[in-house]
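Taking it in order: structure first as structure tokens, then the write-up.
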Amino acid sequence: MHSLIYNSWSENWPGNNVVEEVFQVGVKALIRDGEGRFLIVKEKGARYWDLPGGRIERNESVIEAFSRELEEEIGIKEVGVLGLRDAVVSKIKIDVGKEKVGLFLIVYDCRLPKNQVLQGKGLEHQWADRAELSKMLGNKFPEEFLKNL
């Protein structure tokens, strides 16, 4: 998996103190249906919903990770990518070995092929309107990202 080292100025500005934080990098698909609802997924037994996608593995390109994750989660290898929506730092930390690291997410606006059936492995799928999406993804995605959808 790819890691990203992020430098941010500490609150002691202008004291030249830099705080380094390690992040895993992930890719997500923001997919809407014809009614403007958003596709969300959840692993069976998990507490939280998420956008389809996942982390980039070692020696994998962004496109390869995106295709692999979408095939695993919704059974579709290729979606129509409309463009980059945003890149955000998740509100959660994830376990990597014995450490907790940040999660940097690259989010793309996408569309599904017509009449596509969702068939992800072991995941629940749901279409959520904007208000539902903000509630269901609020634990992971920054408020500003959710407000701008």
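Letters A, B, ... go to the chains of the structure tokens in the order shown; residues in each chain start at 1; ligands are counted from 1 in the same order.
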
Point to revise | Lys135 of chain A environment, 12 Å, only C-alpha atoms, sequence neighbours closer than 3 positions dropped, as JSON, numbers by chain | key: {"A": [40, 48, 49, 50, 128, 129, 130, 131, 132, 138, 139, 140, 141, 142, 143, 146, 147]}

12 Å contact set for Glu60 of chain A, only C-alpha atoms, chain neighbours under 3 positions out, as a PDB file with C-alpha atoms, in the first residue's frame:
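Output below, filename part.pdb:
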```pdb
ATOM      1  CA  MET A   1       0.000   0.000   0.000  1.00  0.00           C
ATOM      2  CA  HIS A   2       1.124   3.520  -0.723  1.00  0.00           C
ATOM      3  CA  VAL A  25      -3.909   6.772   0.082  1.00  0.00           C
ATOM      4  CA  GLY A  26      -7.295   5.614  -1.155  1.00  0.00           C
ATOM      5  CA  VAL A  27      -9.557   6.166  -4.159  1.00  0.00           C
ATOM      6  CA  ARG A  55      -6.732   1.878  -0.564  1.00  0.00           C
ATOM      7  CA  ILE A  56      -4.035   1.761  -3.201  1.00  0.00           C
ATOM      8  CA  GLU A  57      -1.808  -1.299  -2.836  1.00  0.00           C
ATOM      9  CA  ILE A  63      -6.385   3.571 -12.045  1.00  0.00           C
ATOM     10  CA  GLU A  64      -5.533  -0.054 -11.214  1.00  0.00           C
ATOM     11  CA  ALA A  65      -6.627   0.411  -7.596  1.00  0.00           C
ATOM     12  CA  PHE A  66      -9.815   2.172  -8.665  1.00  0.00           C
ATOM     13  CA  SER A  67     -10.761  -0.631 -11.097  1.00  0.00           C
ATOM     14  CA  ARG A  68      -9.879  -3.392  -8.610  1.00  0.00           C
ATOM     15  CA  GLU A  69     -11.809  -1.834  -5.744  1.00  0.00           C
TER      16      GLU A  69
END
```

Tell me, as a compact mmCIF listing (two decimals) with C-alpha atoms, in the first residue's frame, which residues lie within 6 Å of segment 88-95 of chain A, counting only C-alpha atoms; anything in the same chain fewer than 5 positions away does not count.
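Saved as result16.txt:
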```
# COMPACT_ATOMS: atom_id res chain seq x y z
CA LYS A 100 -2.74 4.24 13.42
CA VAL A 101 -2.26 6.36 10.32
CA GLY A 102 -4.31 8.94 8.48
CA LEU A 103 -6.30 8.28 5.33
CA PHE A 104 -6.00 10.55 2.28
CA LEU A 105 -8.87 9.98 -0.18
CA LYS A 140 -15.36 9.47 7.78
CA PHE A 141 -15.60 12.44 5.42
```

Check your understanding: What's the 7 Å shell around segment 31-36 of chain A, counting only C-alpha atoms, without same-chain residues fewer than 3 positions away, as a list of chain:residue names?
Key -> A:Leu39, A:Asp109, A:Cys110, A:Arg111

Compile a residue-level contact table for segment 21-81 of chain A against segment 115-125 of chain A at a cut-off of 10 Å, reporting for every qualifying residue the shortest atom pair and its distance in Å to one decimal, with only C-alpha atoms counted, rows ordered by chain and ascending number, as a Markdown table.
```
| residue | atom | partner | partner_atom | distance |
| --- | --- | --- | --- | --- |
| A:Leu39 | CA | A:His125 | CA | 7.0 |
| A:Ile40 | CA | A:His125 | CA | 5.9 |
| A:Val41 | CA | A:His125 | CA | 4.6 |
| A:Lys42 | CA | A:Glu124 | CA | 5.2 |
| A:Glu43 | CA | A:Leu123 | CA | 4.5 |
| A:Lys44 | CA | A:Leu123 | CA | 5.6 |
| A:Gly45 | CA | A:Leu123 | CA | 9.3 |
| A:Ala46 | CA | A:Leu123 | CA | 9.5 |
| A:Trp49 | CA | A:Glu124 | CA | 9.0 |
| A:Asp50 | CA | A:His125 | CA | 9.8 |
| A:Leu51 | CA | A:His125 | CA | 9.8 |
| A:Pro52 | CA | A:His125 | CA | 9.3 |
| A:Glu69 | CA | A:Gly120 | CA | 9.7 |
| A:Leu70 | CA | A:Gly120 | CA | 8.1 |
| A:Glu71 | CA | A:Gly120 | CA | 7.0 |
| A:Glu72 | CA | A:Gly120 | CA | 5.6 |
| A:Glu73 | CA | A:Gly120 | CA | 4.2 |
| A:Ile74 | CA | A:Gly120 | CA | 3.9 |
| A:Gly75 | CA | A:Gln119 | CA | 4.6 |
| A:Ile76 | CA | A:Leu118 | CA | 7.3 |
```

Practice item. Quick one: pick out all strand (DSSP E) residues within chain A from a backbone DSSP run and write them as a count of residues only. Key: 62

Review point. DSSP on the backbone: what in chain A comes out helix (DSSP H, G or I), as a list of chain:residue names?
Key: A:Val62, A:Ile63, A:Glu64, A:Ala65, A:Phe66, A:Ser67, A:Arg68, A:Glu69, A:Leu70, A:Glu71, A:Glu72, A:Glu73, A:Ile74, A:Arg130, A:Ala131, A:Glu132, A:Leu133, A:Ser134, A:Lys135, A:Met136, A:Leu137, A:Glu143, A:Glu144, A:Phe145, A:Leu146, A:Lys147

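Closest approach to Gly80 of chain A from the set A:Lys114, A:Lys98, A:Arg37, A:Arg47 is made by A:Lys114, with distances taken over only C-alpha atoms.
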
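Comparing A:Glu144, A:Ser134, A:Val22, A:Leu82 by their smallest distance to Leu112 of chain A, the closest is A:Leu82 (using only C-alpha atoms).
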
**Study point:** Polymer residues at most 6 Å from Tyr108 of chain A, only C-alpha atoms, same-chain spacing of 2 or more positions, as a VMD selection string
**Key:** chain A and resid 29 to 30 83 to 85

Review point. Of the candidates A:Gln24, A:Asn59, A:Ile106, A:Phe38, which shows the shortest atom-to-atom distance to Leu137 of chain A, using only C-alpha atoms?
Key: A:Phe38
